[in-house]
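Structure data (mmCIF, C-alpha atoms) from work-v7.cif:
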```
data_data
#
loop_
_atom_site.label_atom_id
_atom_site.label_comp_id
_atom_site.auth_asym_id
_atom_site.auth_seq_id
_atom_site.Cartn_x
_atom_site.Cartn_y
_atom_site.Cartn_z
CA MET H 1 109.31 108.31 112.41
CA TYR H 2 112.86 109.19 113.45
CA GLU H 3 113.17 111.28 110.30
CA TYR H 4 109.97 113.13 111.23
CA ALA H 5 111.43 113.72 114.71
CA ASN H 6 114.66 115.13 113.28
CA ARG H 7 113.01 117.42 110.79
CA LEU H 8 110.49 118.73 113.29
CA ALA H 9 113.40 119.46 115.65
CA GLN H 10 115.21 121.25 112.83
CA SER H 11 112.06 123.32 112.33
CA GLY H 12 112.30 124.54 115.91
CA HIS H 13 110.01 122.14 117.78
CA GLU H 14 110.84 120.48 121.08
CA VAL H 15 110.75 116.74 120.41
CA ILE H 16 110.86 113.74 122.76
CA VAL H 17 111.01 110.22 121.31
CA TYR H 18 109.59 107.54 123.61
CA HIS H 19 110.40 103.85 123.26
CA SER H 20 107.78 101.92 125.23
CA MET H 21 108.73 98.45 126.43
CA TYR H 22 105.10 97.38 126.57
CA VAL H 23 102.18 97.95 124.24
CA PRO H 24 98.92 95.96 123.97
CA TYR H 25 98.39 93.07 121.55
CA THR H 26 102.12 92.39 121.31
CA LYS H 27 103.91 89.12 122.10
CA TYR H 28 107.29 89.46 123.82
CA ARG H 29 110.04 86.83 123.85
CA MET H 30 111.46 87.84 127.22
CA PRO H 31 110.28 89.49 130.44
CA LEU H 32 110.18 93.27 130.74
CA PHE H 33 113.16 93.54 133.11
CA LEU H 34 115.39 91.58 130.70
CA ARG H 35 114.32 93.77 127.80
CA LEU H 36 115.12 96.89 129.82
CA ILE H 37 118.61 95.54 130.57
CA ARG H 38 119.13 94.66 126.92
CA ILE H 39 118.16 98.06 125.56
CA ASN H 40 120.30 99.87 128.16
CA VAL H 41 123.33 97.77 127.16
CA PHE H 42 122.95 97.90 123.38
CA HIS H 43 121.16 101.23 122.98
CA PRO H 44 122.32 103.53 125.78
CA ASN H 45 120.29 106.71 126.25
CA SER H 46 117.49 105.00 124.30
CA LYS H 47 119.19 105.79 121.00
CA PRO H 48 119.60 103.19 118.24
CA ASN H 49 123.12 102.88 116.84
CA TRP H 50 121.90 102.99 113.23
CA PHE H 51 120.32 106.46 113.34
CA THR H 52 121.66 109.89 114.31
CA PHE H 53 119.23 112.16 116.13
CA GLU H 54 119.40 115.92 116.22
CA ASN H 55 121.18 117.08 119.39
CA THR H 56 118.06 118.84 120.67
CA ILE H 57 115.96 115.64 120.65
CA ARG H 58 115.49 113.79 123.91
CA THR H 59 114.91 110.02 123.82
CA LYS H 60 113.41 108.02 126.66
CA THR H 61 112.79 104.33 127.25
CA ILE H 62 109.63 103.84 129.31
CA SER H 63 108.03 100.70 130.70
CA LYS H 64 104.52 101.70 129.59
CA ILE H 65 102.67 104.64 128.05
CA ASN H 66 100.77 106.47 130.77
CA ASP H 67 100.42 109.87 132.43
CA LYS H 68 103.44 109.24 134.67
CA THR H 69 105.87 108.34 131.89
CA VAL H 70 104.78 110.81 129.19
CA GLU H 71 105.56 114.49 129.69
CA ASP H 72 103.11 117.33 129.03
CA GLY H 73 103.08 118.61 125.46
CA ASP H 74 101.06 120.06 122.61
CA ILE H 75 101.00 116.92 120.45
CA VAL H 76 101.38 113.24 121.36
CA PHE H 77 102.07 111.09 118.34
CA SER H 78 101.21 107.37 118.14
CA THR H 79 103.10 105.38 115.51
CA CYS H 80 101.42 101.95 115.65
CA PHE H 81 97.89 100.66 116.14
CA SER H 82 98.86 99.17 119.53
CA THR H 83 100.28 102.43 120.90
CA ALA H 84 97.09 104.20 119.80
CA TYR H 85 95.21 102.19 122.44
CA GLU H 86 97.53 103.63 125.12
CA VAL H 87 97.81 107.16 123.78
CA VAL H 88 94.03 107.65 123.61
CA ASN H 89 93.85 107.26 127.41
CA LEU H 90 96.42 109.96 128.20
CA ALA H 91 95.30 113.11 130.00
CA PRO H 92 94.50 116.20 127.88
CA ASN H 93 97.63 118.01 129.13
CA LYS H 94 99.80 115.40 127.37
CA GLY H 95 98.78 116.93 124.07
CA LYS H 96 96.35 116.53 121.21
CA LYS H 97 96.38 112.89 120.16
CA VAL H 98 97.53 111.97 116.66
CA ASN H 99 97.83 108.46 115.23
CA LEU H 100 100.05 107.81 112.20
CA ILE H 101 98.85 104.76 110.24
CA GLN H 102 101.58 103.40 107.99
CA ASP H 103 100.07 100.04 107.06
CA PHE H 104 97.14 97.73 107.72
CA GLU H 105 99.01 95.84 110.43
CA ALA H 106 97.00 92.61 110.39
CA TRP H 107 100.16 90.48 110.62
CA ILE H 108 100.64 91.82 114.17
CA SER H 109 97.13 91.28 115.53
CA SER H 110 93.58 90.48 114.49
CA GLU H 111 91.75 92.60 111.95
CA GLU H 112 89.17 93.38 114.63
CA ASN H 113 91.84 94.98 116.84
CA ILE H 114 93.17 96.97 113.88
CA PHE H 115 89.75 98.28 112.86
CA ASN H 116 88.88 99.14 116.47
CA SER H 117 92.06 101.22 116.71
CA TYR H 118 90.85 103.21 113.69
CA ARG H 119 87.66 104.04 115.61
CA LEU H 120 89.52 105.54 118.58
CA SER H 121 89.10 109.26 119.29
CA LEU H 122 92.38 110.42 117.79
CA HIS H 123 93.33 112.46 114.74
CA HIS H 124 94.34 109.78 112.22
CA ILE H 125 96.99 110.41 109.56
CA VAL H 126 97.40 107.86 106.75
CA ILE H 127 100.23 107.55 104.23
CA ASN H 128 98.40 106.29 101.15
CA ASP H 129 95.07 106.20 99.37
CA TYR H 130 94.01 102.65 100.18
CA LEU H 131 94.45 103.33 103.92
CA PHE H 132 92.52 106.58 103.47
CA LYS H 133 89.60 104.61 102.02
CA ILE H 134 89.69 102.08 104.89
CA LEU H 135 89.66 104.85 107.50
CA GLU H 136 86.98 106.78 105.66
CA ASP H 137 84.74 103.70 105.74
CA THR H 138 85.57 102.92 109.39
CA ASN H 139 85.69 106.24 111.23
CA LYS H 140 83.14 109.04 110.95
CA GLU H 141 85.99 111.56 111.14
CA LYS H 142 87.79 111.93 107.81
CA PRO H 143 91.49 110.94 108.02
CA ILE H 144 94.38 113.15 106.95
CA LEU H 145 96.47 111.97 104.00
CA ILE H 146 100.21 112.68 103.99
CA TYR H 147 102.28 110.52 101.66
CA ASN H 148 105.73 109.29 102.68
CA ALA H 149 108.77 111.19 101.45
CA ILE H 150 112.19 110.37 99.99
CA ASP H 151 115.32 112.35 100.79
CA ARG H 152 116.67 113.33 97.37
CA LYS H 153 119.98 114.29 98.99
CA LYS H 154 120.48 110.68 100.08
CA PHE H 155 119.01 108.92 97.04
CA TYR H 156 120.09 110.44 93.74
CA ILE H 157 121.60 109.52 90.36
CA LYS H 158 125.34 108.87 90.41
CA THR H 159 125.51 106.68 87.30
CA PRO H 160 123.53 108.15 84.37
CA ILE H 161 120.43 106.15 83.46
CA THR H 162 121.63 105.67 79.88
CA ASP H 163 125.07 104.37 80.96
CA ARG H 164 123.92 101.40 83.03
CA PHE H 165 124.23 97.77 82.02
CA GLU H 166 120.72 97.26 80.70
CA ARG H 167 120.36 93.66 81.87
CA SER H 168 120.76 94.29 85.59
CA ILE H 169 118.13 93.88 88.31
CA CYS H 170 118.07 94.92 91.96
CA MET H 171 115.68 93.51 94.56
CA LEU H 172 115.14 93.56 98.32
CA TYR H 173 115.21 90.04 99.76
CA SER H 174 113.14 89.19 102.84
CA LYS H 175 112.01 86.05 104.62
CA GLU H 176 108.67 87.72 105.36
CA GLU H 177 105.94 86.13 103.26
CA ARG H 178 104.26 89.45 102.48
CA LYS H 179 107.41 90.73 100.75
CA GLY H 180 106.97 88.09 98.03
CA SER H 181 110.70 87.41 97.66
CA LYS H 182 110.27 83.73 96.79
CA TYR H 183 108.08 84.67 93.82
CA GLY H 184 110.51 87.36 92.79
CA LEU H 185 113.44 84.95 92.83
CA GLU H 186 111.57 82.42 90.71
CA ALA H 187 110.81 85.15 88.16
CA ILE H 188 114.44 86.26 88.12
CA LYS H 189 115.59 82.67 87.50
CA ILE H 190 113.32 82.53 84.45
CA CYS H 191 114.88 85.78 83.22
CA LYS H 192 118.37 84.32 83.72
CA GLU H 193 117.51 81.48 81.38
CA ALA H 194 116.43 83.98 78.72
CA PHE H 195 119.37 86.35 79.34
CA PRO H 196 122.47 84.43 80.51
CA ASP H 197 124.42 87.68 81.05
CA LEU H 198 121.81 88.95 83.53
CA LYS H 199 123.31 90.69 86.58
CA VAL H 200 121.34 90.59 89.82
CA ASN H 201 121.87 92.46 93.10
CA LEU H 202 119.97 91.41 96.21
CA PHE H 203 120.18 93.28 99.50
CA SER H 204 118.71 92.26 102.84
CA VAL H 205 118.95 92.40 106.62
CA PHE H 206 118.99 88.58 106.57
CA LYS H 207 122.01 86.35 106.05
CA LYS H 208 122.32 84.91 102.55
CA PRO H 209 120.16 81.78 102.27
CA LYS H 210 121.89 78.66 100.97
CA ASP H 211 119.49 78.36 98.04
CA ILE H 212 120.45 81.74 96.52
CA PRO H 213 122.41 80.97 93.30
CA ASP H 214 126.07 81.99 93.12
CA TRP H 215 125.39 84.18 90.07
CA ILE H 216 123.41 86.56 92.30
CA ASP H 217 125.36 89.20 94.23
CA TYR H 218 124.07 89.36 97.80
CA PHE H 219 124.56 92.30 100.20
CA GLN H 220 123.62 91.91 103.84
CA SER H 221 122.80 95.18 105.65
CA PRO H 222 124.68 97.30 103.08
CA THR H 223 125.87 100.78 103.96
CA ASN H 224 126.17 101.73 100.27
CA LEU H 225 122.57 101.24 99.19
CA ILE H 226 122.73 104.21 96.83
CA ASP H 227 125.58 102.51 94.95
CA ILE H 228 123.62 99.26 94.64
CA TYR H 229 120.66 101.17 93.20
CA ASN H 230 122.92 103.10 90.83
CA SER H 231 124.60 99.94 89.55
CA SER H 232 121.20 98.52 88.53
CA ALA H 233 119.03 99.30 85.53
CA ILE H 234 115.83 97.84 87.02
CA PHE H 235 114.41 97.65 90.53
CA PHE H 236 111.99 94.79 91.14
CA SER H 237 109.50 94.77 94.04
CA PRO H 238 107.39 91.57 94.16
CA SER H 239 105.61 92.35 97.47
CA ASN H 240 102.22 90.86 98.24
CA GLY H 241 101.42 93.78 100.52
CA GLU H 242 103.01 97.04 101.70
CA GLY H 243 102.10 100.19 103.58
CA TRP H 244 104.11 102.58 101.40
CA ALA H 245 107.16 100.72 100.14
CA LEU H 246 110.32 102.82 100.54
CA PRO H 247 112.98 100.83 98.58
CA PRO H 248 111.18 101.07 95.20
CA ALA H 249 110.80 104.82 95.68
CA GLU H 250 114.44 105.15 96.75
CA ALA H 251 115.43 103.23 93.62
CA LEU H 252 113.37 105.59 91.45
CA GLY H 253 115.30 108.45 93.01
CA CYS H 254 118.51 106.71 91.95
CA GLY H 255 117.40 106.28 88.33
CA CYS H 256 116.15 102.68 88.25
CA ALA H 257 113.24 101.61 86.08
CA LEU H 258 110.58 100.02 88.27
CA VAL H 259 108.76 96.71 87.97
CA CYS H 260 106.46 96.13 90.93
CA THR H 261 103.26 94.46 92.05
CA ASP H 262 99.94 96.20 91.53
CA ILE H 263 99.17 96.86 95.22
CA GLY H 264 98.14 99.87 97.29
CA GLY H 265 101.57 100.19 98.89
CA HIS H 266 103.15 100.94 95.49
CA ALA H 267 100.30 102.96 94.01
CA ALA H 268 101.45 106.46 95.06
CA TYR H 269 104.42 106.43 92.67
CA ALA H 270 103.94 103.33 90.46
CA ILE H 271 101.79 104.62 87.61
CA LYS H 272 101.03 101.88 85.08
CA SER H 273 103.26 102.03 81.98
CA GLU H 274 104.31 105.58 82.92
CA THR H 275 106.59 105.26 85.93
CA ALA H 276 106.47 101.46 86.34
CA LEU H 277 105.44 98.15 84.83
CA LEU H 278 102.87 96.53 87.12
CA VAL H 279 102.57 92.80 87.78
CA GLN H 280 100.12 90.65 89.72
CA PRO H 281 101.21 89.51 93.19
CA LYS H 282 102.45 85.87 93.33
CA ASP H 283 102.21 85.54 89.52
CA VAL H 284 105.75 84.39 88.68
CA PHE H 285 105.17 84.25 84.93
CA ASP H 286 103.66 87.74 84.79
CA MET H 287 106.66 89.00 86.75
CA ALA H 288 109.13 87.28 84.46
CA ASP H 289 107.30 88.53 81.37
CA LYS H 290 107.42 92.19 82.48
CA LEU H 291 111.05 91.96 83.58
CA CYS H 292 112.08 90.37 80.27
CA CYS H 293 110.14 93.06 78.44
CA LEU H 294 112.38 95.72 80.00
CA LEU H 295 115.54 93.63 79.75
CA GLN H 296 115.18 93.49 75.98
CA ASN H 297 113.79 97.00 75.44
CA ASN H 298 116.38 99.53 76.56
CA LYS H 299 114.40 102.47 75.18
CA MET H 300 111.41 101.58 77.34
CA ARG H 301 113.65 101.02 80.34
CA ILE H 302 115.22 104.48 79.99
CA SER H 303 111.85 106.15 79.48
CA LEU H 304 110.33 104.53 82.58
CA ALA H 305 113.38 105.40 84.67
CA LYS H 306 113.35 109.05 83.62
CA ASN H 307 109.60 109.36 84.23
CA GLY H 308 109.86 107.72 87.64
CA TYR H 309 112.79 109.89 88.67
CA LYS H 310 110.87 113.05 87.78
CA TYR H 311 107.62 111.87 89.37
CA LEU H 312 109.35 111.33 92.69
CA ASP H 313 109.62 115.11 93.12
CA LYS H 314 106.07 114.93 94.49
CA PHE H 315 107.32 113.28 97.69
CA SER H 316 109.58 115.77 99.45
CA TRP H 317 110.37 115.96 103.15
CA GLU H 318 110.19 119.74 103.02
CA GLU H 319 106.58 119.58 101.86
CA ASN H 320 105.76 116.83 104.39
CA ILE H 321 106.93 118.90 107.33
CA ILE H 322 104.89 121.88 106.14
CA GLN H 323 101.83 119.63 105.88
CA ILE H 324 102.26 118.05 109.30
CA GLU H 325 102.96 121.42 110.96
CA ASN H 326 99.72 122.70 109.42
CA VAL H 327 97.90 119.69 110.84
CA PHE H 328 99.37 120.29 114.29
CA GLU H 329 98.50 123.99 114.13
CA SER H 330 94.95 123.20 113.09
CA ILE H 331 94.21 120.65 115.82
CA THR H 332 95.91 122.58 118.64
CA SER H 333 94.02 125.76 117.77
CA ASN H 334 90.74 123.84 117.69
CA CYS H 335 88.97 123.80 121.03
CA SER H 336 87.36 120.44 120.35
#
```
For the file at hand, write its structure as structure tokens.
Amino acid sequence: MYEYANRLAQSGHEVIVYHSMYVPYTKYRMPLFLRLIRINVFHPNSKPNWFTFENTIRTKTISKINDKTVEDGDIVFSTCFSTAYEVVNLAPNKGKKVNLIQDFEAWISSEENIFNSYRLSLHHIVINDYLFKILEDTNKEKPILIYNAIDRKKFYIKTPITDRFERSICMLYSKEERKGSKYGLEAIKICKEAFPDLKVNLFSVFKKPKDIPDWIDYFQSPTNLIDIYNSSAIFFSPSNGEGWALPPAEALGCGCALVCTDIGGHAAYAIKSETALLVQPKDVFDMADKLCCLLQNNKMRISLAKNGYKYLDKFSWEENIIQIENVFESITSNCS
């Protein structure tokens, strides 16, 4: 969402990013006043320290989304199912109401709350086909499909695909169950038995767990992600569920061959046996089998990597901004 904000600002739009300290259906660990103190200390001016905004963008921390805290505008953009419940109640002068749906967020709240948010009177944008189908079946108004994008200037090939150590795997590690990391690790251990010289790179926002073997290189919150991708021949994504998984697509942009689960969150770029080898979620032996297939077949690995790299051209930020500007133009010019 921050990237959308930046690129819309670069395109000449006036952009305000709001961080609301309260949204419905959300559990908070501390009272509102303590959270306000915390964000003002660690993120002054409502700006995170890990992202650089365009100078023209204003950021505001607000206690709640309402007509007093949100300025007048042409478009007001909700970025989560819970904020959609607040945005829909804003006055018409706050802007045409748009809801970006990036995942089926059932881990946050009940499915009933999620589905009811899809029925709200907003213009819904979805980022993949399986979400499109859900919205199409739930809301009488057809959703708008805009896939995610990858910045090819940030994620690109530094080490030629053919020059990489062919028995090397990269994977995102997470403690979240839906990321499937425990199944991925079990599959990788099977591969290590078959290929003792296997090299593995894990990266994560979490500290290295004690049960991660010493033969695995572990990078916590790396700043050189492009180098980790480029030092790997294969990227492995064992997720049980995703909205539109970014790391596998980033890895494709860096020349990795992709092995990933056959889920909707990978489907936009993971084409079976063309740009990726697909495996069943939670099936450790299927995962290990497909990984070993690539580890011992360098020709296949190179072919998949080249196909995936080329296919990723479909997902450009330049095209995304044109699409979303067209959407904004259409709904603001419509009197309904």
- Message: Given only C-alpha atoms as the basis, pick out the residue of H:Thr52, H:Ser121, H:Asn113, H:Gln102 nearest to Tyr147 in chain H.
- Response: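 Among the listed residues, H:Gln102 lies closest to Tyr147 in chain H.
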- Determine the residue set returned by the PyMOL selection byres ((chain H and resi 86) around 10) for the present structure, and present it as an MDAnalysis selection string. chainID H and resid 22:24 64:66 78 81:85 87:90
Each residue of range 50-156 of chain H with at least one atom at most 10 Å from range 2-11 of chain H should appear once, together with its nearest atom pair and the corresponding distance in Å (one decimal); atoms considered: only C-alpha atoms; ordering: chain, then increasing residue number; output as CSV.
```
residue,atom,partner,partner_atom,distance
H:Phe51,CA,H:Tyr2,CA,7.9
H:Thr52,CA,H:Asn6,CA,8.8
H:Phe53,CA,H:Asn6,CA,6.2
H:Glu54,CA,H:Asn6,CA,5.6
H:Asn55,CA,H:Ala9,CA,9.0
H:Thr56,CA,H:Ala9,CA,6.9
H:Ile57,CA,H:Ala9,CA,6.8
H:Ala149,CA,H:Glu3,CA,9.9
H:Asp151,CA,H:Glu3,CA,9.8
```
- Message: For a quick check of your reading of the model, name the residues lying within 8 Å of the coordinate (107.7, 93.4, 131.5), counting only C-alpha atoms, and write them as a ChimeraX atom specification.
- Response: /H:21-22,30-35,63
Take the residues just selected and output them with C-alpha atoms as a PDB file, in the coordinates of the input.
```pdb
ATOM      1  CA  MET H  21     108.730  98.450 126.430  1.00  0.00           C
ATOM      2  CA  TYR H  22     105.100  97.380 126.570  1.00  0.00           C
ATOM      3  CA  MET H  30     111.460  87.840 127.220  1.00  0.00           C
ATOM      4  CA  PRO H  31     110.280  89.490 130.440  1.00  0.00           C
ATOM      5  CA  LEU H  32     110.180  93.270 130.740  1.00  0.00           C
ATOM      6  CA  PHE H  33     113.160  93.540 133.110  1.00  0.00           C
ATOM      7  CA  LEU H  34     115.390  91.580 130.700  1.00  0.00           C
ATOM      8  CA  ARG H  35     114.320  93.770 127.800  1.00  0.00           C
ATOM      9  CA  SER H  63     108.030 100.700 130.700  1.00  0.00           C
TER      10      SER H  63
END
```
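Across the structure, CA of Asp262 in chain H and CA of Leu278 in chain H are spaced 5.3 Å apart.
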- Counting all atoms listed in the file, figure out which residue out of H:Arg119, H:Arg178, H:Lys153, H:Lys189 gets nearest to Ile226 in chain H. H:Lys153
- Task: Within 10 Å of range 281-286 of chain H, counting all atoms listed in the file, which residues show up once you throw out same-chain ones fewer than 5 positions away? Write them as a PyMOL selection string, please.
- Result: chain H and resi 178-188+190-191+237-241+260-263+291-292
- Residues in the PyMOL selection byres ((chain H and resi 96) around 12), expressed as a PyMOL selection string: chain H and resi 72-78+87-95+97-99+121-124+327-336
- Query: Given the file above and the PyMOL selection byres ((chain H and resi 229-232) around 10), which residues are selected, and can you give them as a ChimeraX atom specification?
  - Reply: /H:155-161,163-171,199-201,224-228,233-235,247-248,250-257
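For the set H:Ile212, H:Ile127, H:Val205, H:Leu172, the residue with the smallest atom-to-atom gap to Ala268 in chain H is H:Ile127, counting only C-alpha atoms.
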